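Have a look at the structure below before the remarks.
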Amino acid sequence: MSDPQSMFDDRPISDASQDRFGFAVPAKHLAKSLLAMASSDGSVLGVEGDWGTGKSSFVNLVASALRNQKSPPEIVHFRPWMIDSRDGLLDELFREIENAVAKIEPKELTHAERLEYVGVFGRIKKSIHNRRRKGLNPKLRKSLALFRLTLGAAGKVAEIGAALDVPLTRQAEKLFKVSEKAISGNKQLPSLDKQKETLTASLRKLSRPIVVFIDDLDRLEPAEAALVMRLIRAIADFPNIVYVLSYARPLLVSRIKEALKIDDGEEFLEKILQVFYTVPRPEDFDLRRLFQEKIVEALPTEFESLSNAERRAAQSRVLLAIDQAGGRVLKTPRDVFRALNLVKLNITPVIGDIDLGDMIWLQLVSLKNREIYSWIESYMTVVASLVSGGMLAPGEERLHMQNLEKALEQDALIRDVLLAEMRTIIPGISRGLGDDSEDGNTSWQLFNEVKQRDLHSRSISEKRLGSPQHYKIYFAFSRPANSVSDNEFTQFLRLLNENHVIAAEMFDQFVAATRPQGGLKVEALMDRFSGEVVSTLNPKSARGLAICLSNSMDKAVRLTGVQDFGINFFAARMAKLLPTILRRIHEPERNEAIIAIFKNGAAIGWLSQLLRDEILEEGSRKTPQADGSVLTYAEDLRQAVKDVMRARYNAAPVQELLCAPEFPRLLIAWYEIDVESKAETRMWAARLVASDAGFIDFMEKMRTWSATNEIVRWILRRDTIGMFLDFEEAKSRLQSIASDTKNPMNERAVRLIEESVRTRE
């Protein structure tokens with residue numbers, strides 16, 4: 001985003017040209033009403049609105065409209081929350097009024113009235129200009145100063161007690177004594193009522209009114225808020241002075257109740273206010289439009305690198321997020337600027353690594369519901385673990401659903417709407433198939449089919465919030481540990497097209513890197529090739545990727561091992577993906593590539609599994625299938641691959657075959673090529689087991705996976721062993737070696753029997 005150091009400024013506006021929410025017209029009308037309220041008795045207007053609704057901007061526009069009147073009033077902006085003492089509130093308010101009085105000419109008076117009003121120090125012979133410049137109305141200002149000091153010494157002047165009830169402080173008492181002598185010498189000060197009478201008469205003669213704006217009363221501490229309200233109550237009936245109080249009513253009432261220890265703060269407030277006006281609520285559309293414009297303004301070049309289709313899709317998600325989540329949470333101007341700053345803070349460091357629409361949606365959700373935000377992070381952490389081969393703990397889905405329902409409590413009215421949005425962004429959230437819950441809410445399910453890698457292909461390629469490889473960026477400015485960065489993926493794609501050898505080396509590095517949440521980094525890499533990305537590969541890149549798999553899959557299987565049902569899911573997924581990759585190569589080059597990977601690929605165990613899968617499916621296919629296995633299309637190609645693999649088996653050193661992961665499947669693949677290969681495998685096994693060491697090696701490698709009552713065992717099966725050896729003879733020989741303590745293979749035989757638990761008859 002442009003200018004990452006600056007944030008969006010939500011300071012109040014002061015000019016109608018800056019108005020985005022339709023405040024200017026009602027502010028202009030209210031300004032006219034205020035002038036009419038400047039009556040002989042004075043008046044107090046309340047401008048009400050919750051925090052963030054734009055009260056300060058509205059008040060500023062009212063003040064601006066007043067200044068544009070033909071005969072504008074004198075305007076005072078009194079900010080009590082900037083004053084850190086109670087005595088200072090009183091002092092500052094009257095000083096502001098005194099300064100305003102000094103700028104106002106009196107009405108046209110008789111010569112005697114002018115002498116009385118201006119005082120002997122008025123210098124009547126000076127021009128109106130000079131009097132304005134040096135300050136008019138010195139006698140009135142002197143009366144205001146005296147009244148201010150008298151109020152400050154309220155504890156000593158009994159008349160103010162009932163009206164104001166301001167406690168006398170030592171500072172005020174001292175100020176009173178000093179001021180009494182300084183202002184009136186040794187004369188007796190007039191009573192408070194007399195002073196007010198004099199001030200009222202003088203203020204009535206002002207040619208223009210004074211409008212005192214007191215903003216953010218609800219920011220004050222309870223005692224300060226109550227004091228300001230009492231001051232206004234004591235002087236609200238001065239003519240030609242209008243007080244405009246700005247506040248959030250519930251907060252101000254609460255502070256009054258707390259400070260004054262009264263039950264009805266509303267009643268106290270109503271005694272002070274003549275009338276109140278509620279700040280007009282901006283249209284939801286205007287709020288969303290402002291948010292959208294600021295986002296576009298801050299991202300002028302973000303979509304330039306995308307294709308037209310990608311740009312349209314990305315922009316559509318941005319607009320949809322603003323309309324959906326923005327329509328719910330952008331209720332005040334402050335909401336807009338808070339949301340903009342949230343988005344800017346979270347997008348700036350990761351602008352190229354996330355989807356803008358998803359990030360905007362997430363930050364808008366977090367603005368009003370941090371519980372949902374936290375839940376999404378927790379949920380996606382589990383999703384990433386499941387995609388990497390992890391398992392849900394017992395009761396984990398139920399716990400996440402309970403936490404989700406709790407987070408949704410504050411948005412209960414739009415619960416299903418929010419869940420429907422989440423369903424389009426976050427994987428595994430679906431509507432339940434059963435009846436709705438007893439409370440009338442729609443039933444929802446979590447973690448539905450999240451282990452299906454194809455479910456994540458689009459979200460990964462588009463860097464979505466639901467991507468197991470990108471979700472963490474949305475919360476922590478970083479990828480999940482050992483995920484594949486977009487730069488790494490781009491580099492690997494380039495190498496596939498330019499240099500297969502270096503690409504294979506990089507692929508091996510991905511294989512060797514394990515992930516803290518389970519699995520290998522290469523699994524995250526290959527997640528990128530699910531779905532649409534494979535369809536973008538050119539023939540050279542597709543051939544390079546097939547070579548990488550054929551060379552490194554055995555290493556990956558050794559590092560990850562088998563999982564449920566004795567299957568290595570990564571190897572199975574890659575076996576399913578390989579035909580799609582190879583179909584990107586045009587014939588006859590495709591047939592050459594297939595033969596080459598079976599002939600030269602180092603992953604002989606994985607290639608054997610491909611061969612066996614092909615043999616098992618060979619008899620069941622009558623017509624070629626578009627999504628078929630590697631060798632679907634031509635009988636001569638299938639036979640050529642069988643011949644290549646058969647030659648490899650016969651030529652391979654014994655240890656190369658024994659060390660292949662899932663050795664029984666390799667041997668069975670060789671066994672099932674044809675009738676001659678059955679004899680070859682039996683002869684190979686017979687040569688190997690001629691020695692006790694070879695026999696134990698063979699039996700250890702021939703154990704297969706089995707689970708009973710969730711207990712996994714690696715057992716010796718009759719049907720598997722019997723394909724190559726006489727099972728009963730092998731069983732007796734194993735028991736004989738286990739009972740002969742002098743045999744060097746004794747301990748291995750005993751351990752083999754113990755670990756196998758039983759032989760399956």
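Residues in the structure tokens are numbered from 1 in each chain, the chains being A, B, ... in the order shown, and ligands are numbered from 1 in the order shown.
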- Task: Run DSSP on the backbone and grab whatever in segment 498-698 of chain A lands in helix (DSSP H, G or I); send it over as a PyMOL selection string.
- Result: chain A and resi 498+500-512+521-527+531-536+539-560+564-566+569-582+589-600+604-618+635-651+654-658+663-671+675-688+692-698
Fewer than 4 positions away in the same chain doesn't count, so skip those; otherwise give me all residues within 10 Å of Lys451 of chain A, counting only C-alpha atoms, as a PDB file with N, CA and C atoms, in the first residue's frame.
```pdb
ATOM      1  N   VAL A 383      -6.703 -27.152  10.517  1.00  0.00           N
ATOM      2  CA  VAL A 383      -6.855 -27.541   9.115  1.00  0.00           C
ATOM      3  C   VAL A 383      -5.493 -27.812   8.483  1.00  0.00           C
ATOM      4  N   ALA A 384      -4.526 -26.922   8.720  1.00  0.00           N
ATOM      5  CA  ALA A 384      -3.186 -27.105   8.159  1.00  0.00           C
ATOM      6  C   ALA A 384      -2.559 -28.398   8.661  1.00  0.00           C
ATOM      7  N   SER A 385      -2.793 -28.715   9.925  1.00  0.00           N
ATOM      8  CA  SER A 385      -2.261 -29.957  10.485  1.00  0.00           C
ATOM      9  C   SER A 385      -2.919 -31.170   9.832  1.00  0.00           C
ATOM     10  N   LEU A 386      -4.215 -31.110   9.607  1.00  0.00           N
ATOM     11  CA  LEU A 386      -4.922 -32.233   8.976  1.00  0.00           C
ATOM     12  C   LEU A 386      -4.452 -32.437   7.544  1.00  0.00           C
ATOM     13  N   VAL A 387      -4.245 -31.345   6.824  1.00  0.00           N
ATOM     14  CA  VAL A 387      -3.774 -31.449   5.447  1.00  0.00           C
ATOM     15  C   VAL A 387      -2.389 -32.085   5.402  1.00  0.00           C
ATOM     16  N   SER A 388      -1.598 -31.867   6.465  1.00  0.00           N
ATOM     17  CA  SER A 388      -0.255 -32.438   6.528  1.00  0.00           C
ATOM     18  C   SER A 388      -0.254 -33.872   7.047  1.00  0.00           C
ATOM     19  N   GLY A 389      -1.424 -34.460   7.244  1.00  0.00           N
ATOM     20  CA  GLY A 389      -1.494 -35.847   7.681  1.00  0.00           C
ATOM     21  C   GLY A 389      -1.896 -36.034   9.122  1.00  0.00           C
ATOM     22  N   GLY A 390      -2.167 -34.944   9.844  1.00  0.00           N
ATOM     23  CA  GLY A 390      -2.552 -35.068  11.242  1.00  0.00           C
ATOM     24  C   GLY A 390      -3.957 -35.626  11.394  1.00  0.00           C
ATOM     25  N   MET A 391      -4.311 -35.890  12.642  1.00  0.00           N
ATOM     26  CA  MET A 391      -5.623 -36.452  12.954  1.00  0.00           C
ATOM     27  C   MET A 391      -6.314 -35.575  13.995  1.00  0.00           C
ATOM     28  N   PRO A 427     -12.064 -23.501   4.504  1.00  0.00           N
ATOM     29  CA  PRO A 427     -12.436 -24.865   4.103  1.00  0.00           C
ATOM     30  C   PRO A 427     -13.049 -25.664   5.245  1.00  0.00           C
ATOM     31  N   GLY A 428     -13.892 -26.622   4.862  1.00  0.00           N
ATOM     32  CA  GLY A 428     -14.388 -27.592   5.834  1.00  0.00           C
ATOM     33  C   GLY A 428     -15.625 -27.180   6.592  1.00  0.00           C
ATOM     34  N   PHE A 447     -14.561 -29.116   9.620  1.00  0.00           N
ATOM     35  CA  PHE A 447     -13.504 -30.020   9.157  1.00  0.00           C
ATOM     36  C   PHE A 447     -14.017 -31.036   8.130  1.00  0.00           C
ATOM     37  N   LEU A 455      -9.325 -29.828  -2.474  1.00  0.00           N
ATOM     38  CA  LEU A 455     -10.146 -28.792  -1.856  1.00  0.00           C
ATOM     39  C   LEU A 455      -9.357 -27.497  -1.660  1.00  0.00           C
ATOM     40  N   HIS A 456      -8.034 -27.614  -1.530  1.00  0.00           N
ATOM     41  CA  HIS A 456      -7.195 -26.461  -1.177  1.00  0.00           C
ATOM     42  C   HIS A 456      -6.435 -25.886  -2.372  1.00  0.00           C
TER      43      HIS A 456
END
```
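Taking only C-alpha atoms, the non-local environment of Thr536 of chain A within 12 Å (same-chain residues fewer than 3 positions away omitted) comprises Ser461, Leu493, Arg528, Phe529, Ser530, Gly531, Glu532, Val533, Pro539, Lys540, Ser541, Ala542, Thr580, Ile581, Arg583, Arg584 and Ile585 of chain A.
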- What's the 9 Å shell around Glu221 of chain A, counting only C-alpha atoms, without same-chain residues fewer than 6 positions away, as number ranges by chain? A: 81, 255, 259
- Task: Using only C-alpha atoms, find the one residue out of A:Ala407, A:Leu89, A:Ile376, A:Ala503 that sits nearest to Phe475 of chain A.
- Result: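 Comparing A:Ala407, A:Leu89, A:Ile376, A:Ala503 against Phe475 of chain A, the winner is A:Ile376.
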- Identify which of the residues A:Gln69, A:Gln315, A:Ser57, A:Ser485 lies closest to Lys28 of chain A, counting only C-alpha atoms when measuring atom-to-atom distances. A:Gln69
- Could you check which of A:Ala602, A:Val534, A:Val25, A:Leu419 is closest to Gln324 of chain A, using only C-alpha atoms?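 Once distances to Gln324 of chain A are computed over only C-alpha atoms, the minimum belongs to A:Leu419.
In this structure, atom CA of Thr704 of chain A sits 9.6 Å away from atom CA of Arg665 of chain A.
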Neighbouring residues of segment 273-285 of chain A were defined as those with any atom within 8 Å, considering only C-alpha atoms; residues of the same chain fewer than 5 positions away were excluded. Please report them as a PDB file with N, CA, C and O atoms, in the first residue's frame.
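Ended up saving to part07.pdb:
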```
ATOM      1  N   PHE A  21     -20.622  12.692   4.602  1.00  0.00           N
ATOM      2  CA  PHE A  21     -21.718  11.964   5.227  1.00  0.00           C
ATOM      3  C   PHE A  21     -23.009  12.780   5.318  1.00  0.00           C
ATOM      4  O   PHE A  21     -23.892  12.464   6.107  1.00  0.00           O
ATOM      5  N   GLY A  22     -23.122  13.862   4.550  1.00  0.00           N
ATOM      6  CA  GLY A  22     -24.343  14.632   4.547  1.00  0.00           C
ATOM      7  C   GLY A  22     -24.557  15.469   5.780  1.00  0.00           C
ATOM      8  O   GLY A  22     -25.706  15.787   6.134  1.00  0.00           O
ATOM      9  N   PHE A  23     -23.474  15.887   6.460  1.00  0.00           N
ATOM     10  CA  PHE A  23     -23.589  16.702   7.665  1.00  0.00           C
ATOM     11  C   PHE A  23     -23.799  18.186   7.350  1.00  0.00           C
ATOM     12  O   PHE A  23     -24.359  18.933   8.160  1.00  0.00           O
ATOM     13  N   SER A  43     -29.462  30.175  26.374  1.00  0.00           N
ATOM     14  CA  SER A  43     -29.967  28.845  26.048  1.00  0.00           C
ATOM     15  C   SER A  43     -28.831  27.829  26.031  1.00  0.00           C
ATOM     16  O   SER A  43     -27.649  28.186  25.900  1.00  0.00           O
ATOM     17  N   VAL A  44     -29.232  26.544  26.170  1.00  0.00           N
ATOM     18  CA  VAL A  44     -28.278  25.428  26.152  1.00  0.00           C
ATOM     19  C   VAL A  44     -28.815  24.358  25.206  1.00  0.00           C
ATOM     20  O   VAL A  44     -29.952  23.899  25.346  1.00  0.00           O
ATOM     21  N   LEU A  45     -28.000  23.988  24.224  1.00  0.00           N
ATOM     22  CA  LEU A  45     -28.360  22.953  23.252  1.00  0.00           C
ATOM     23  C   LEU A  45     -27.433  21.753  23.427  1.00  0.00           C
ATOM     24  O   LEU A  45     -26.213  21.920  23.569  1.00  0.00           O
ATOM     25  N   GLY A  46     -27.999  20.559  23.416  1.00  0.00           N
ATOM     26  CA  GLY A  46     -27.192  19.344  23.446  1.00  0.00           C
ATOM     27  C   GLY A  46     -27.110  18.726  22.062  1.00  0.00           C
ATOM     28  O   GLY A  46     -28.119  18.523  21.392  1.00  0.00           O
ATOM     29  N   VAL A  47     -25.888  18.438  21.599  1.00  0.00           N
ATOM     30  CA  VAL A  47     -25.671  17.700  20.350  1.00  0.00           C
ATOM     31  C   VAL A  47     -25.248  16.293  20.748  1.00  0.00           C
ATOM     32  O   VAL A  47     -24.170  16.100  21.313  1.00  0.00           O
ATOM     33  N   GLU A  48     -26.100  15.323  20.466  1.00  0.00           N
ATOM     34  CA  GLU A  48     -25.906  13.978  20.998  1.00  0.00           C
ATOM     35  C   GLU A  48     -25.535  12.987  19.897  1.00  0.00           C
ATOM     36  O   GLU A  48     -25.988  13.091  18.765  1.00  0.00           O
ATOM     37  N   GLY A  49     -24.725  12.035  20.268  1.00  0.00           N
ATOM     38  CA  GLY A  49     -24.341  10.964  19.351  1.00  0.00           C
ATOM     39  C   GLY A  49     -23.320  10.066  20.012  1.00  0.00           C
ATOM     40  O   GLY A  49     -22.511  10.518  20.830  1.00  0.00           O
ATOM     41  N   THR A  53     -19.558   8.705  15.888  1.00  0.00           N
ATOM     42  CA  THR A  53     -20.613   9.049  14.935  1.00  0.00           C
ATOM     43  C   THR A  53     -20.361  10.358  14.202  1.00  0.00           C
ATOM     44  O   THR A  53     -21.124  10.720  13.315  1.00  0.00           O
ATOM     45  N   GLY A  54     -19.308  11.061  14.555  1.00  0.00           N
ATOM     46  CA  GLY A  54     -18.978  12.302  13.863  1.00  0.00           C
ATOM     47  C   GLY A  54     -19.475  13.556  14.549  1.00  0.00           C
ATOM     48  O   GLY A  54     -19.657  14.597  13.900  1.00  0.00           O
ATOM     49  N   LYS A  55     -19.703  13.487  15.886  1.00  0.00           N
ATOM     50  CA  LYS A  55     -20.191  14.669  16.615  1.00  0.00           C
ATOM     51  C   LYS A  55     -19.265  15.860  16.434  1.00  0.00           C
ATOM     52  O   LYS A  55     -19.713  16.978  16.178  1.00  0.00           O
ATOM     53  N   PHE A  58     -19.529  17.333  13.056  1.00  0.00           N
ATOM     54  CA  PHE A  58     -20.806  18.033  12.912  1.00  0.00           C
ATOM     55  C   PHE A  58     -20.765  19.384  13.624  1.00  0.00           C
ATOM     56  O   PHE A  58     -21.198  20.404  13.076  1.00  0.00           O
ATOM     57  N   GLY A 327     -20.975  -3.924   5.404  1.00  0.00           N
ATOM     58  CA  GLY A 327     -22.349  -3.556   5.675  1.00  0.00           C
ATOM     59  C   GLY A 327     -22.766  -3.817   7.106  1.00  0.00           C
ATOM     60  O   GLY A 327     -23.658  -3.157   7.636  1.00  0.00           O
ATOM     61  N   LEU A 330     -19.467  -1.346   9.519  1.00  0.00           N
ATOM     62  CA  LEU A 330     -19.160   0.068   9.287  1.00  0.00           C
ATOM     63  C   LEU A 330     -20.407   0.894   9.552  1.00  0.00           C
ATOM     64  O   LEU A 330     -21.196   1.192   8.650  1.00  0.00           O
ATOM     65  N   LYS A 331     -20.612   1.269  10.811  1.00  0.00           N
ATOM     66  CA  LYS A 331     -21.807   1.990  11.224  1.00  0.00           C
ATOM     67  C   LYS A 331     -21.539   3.457  11.535  1.00  0.00           C
ATOM     68  O   LYS A 331     -22.471   4.246  11.645  1.00  0.00           O
ATOM     69  N   THR A 332     -20.286   3.842  11.718  1.00  0.00           N
ATOM     70  CA  THR A 332     -19.939   5.225  12.032  1.00  0.00           C
ATOM     71  C   THR A 332     -18.697   5.621  11.245  1.00  0.00           C
ATOM     72  O   THR A 332     -17.939   4.758  10.777  1.00  0.00           O
ATOM     73  N   PRO A 333     -18.461   6.931  11.065  1.00  0.00           N
ATOM     74  CA  PRO A 333     -17.216   7.353  10.409  1.00  0.00           C
ATOM     75  C   PRO A 333     -15.982   6.804  11.109  1.00  0.00           C
ATOM     76  O   PRO A 333     -15.003   6.428  10.449  1.00  0.00           O
TER      77      PRO A 333
END
```
- Message: Can you tell me which residues surround Met574 of chain A at a distance of at most 12 Å, considering only C-alpha atoms, apart from same-chain residues fewer than 5 positions away, and format the answer as an MDAnalysis selection string?
- Response: chainID A and resid 453 522:523 525:527 529:530 545:546 548:550 552:554 556:557 568:569 579:582 606:607 609:610 629:630
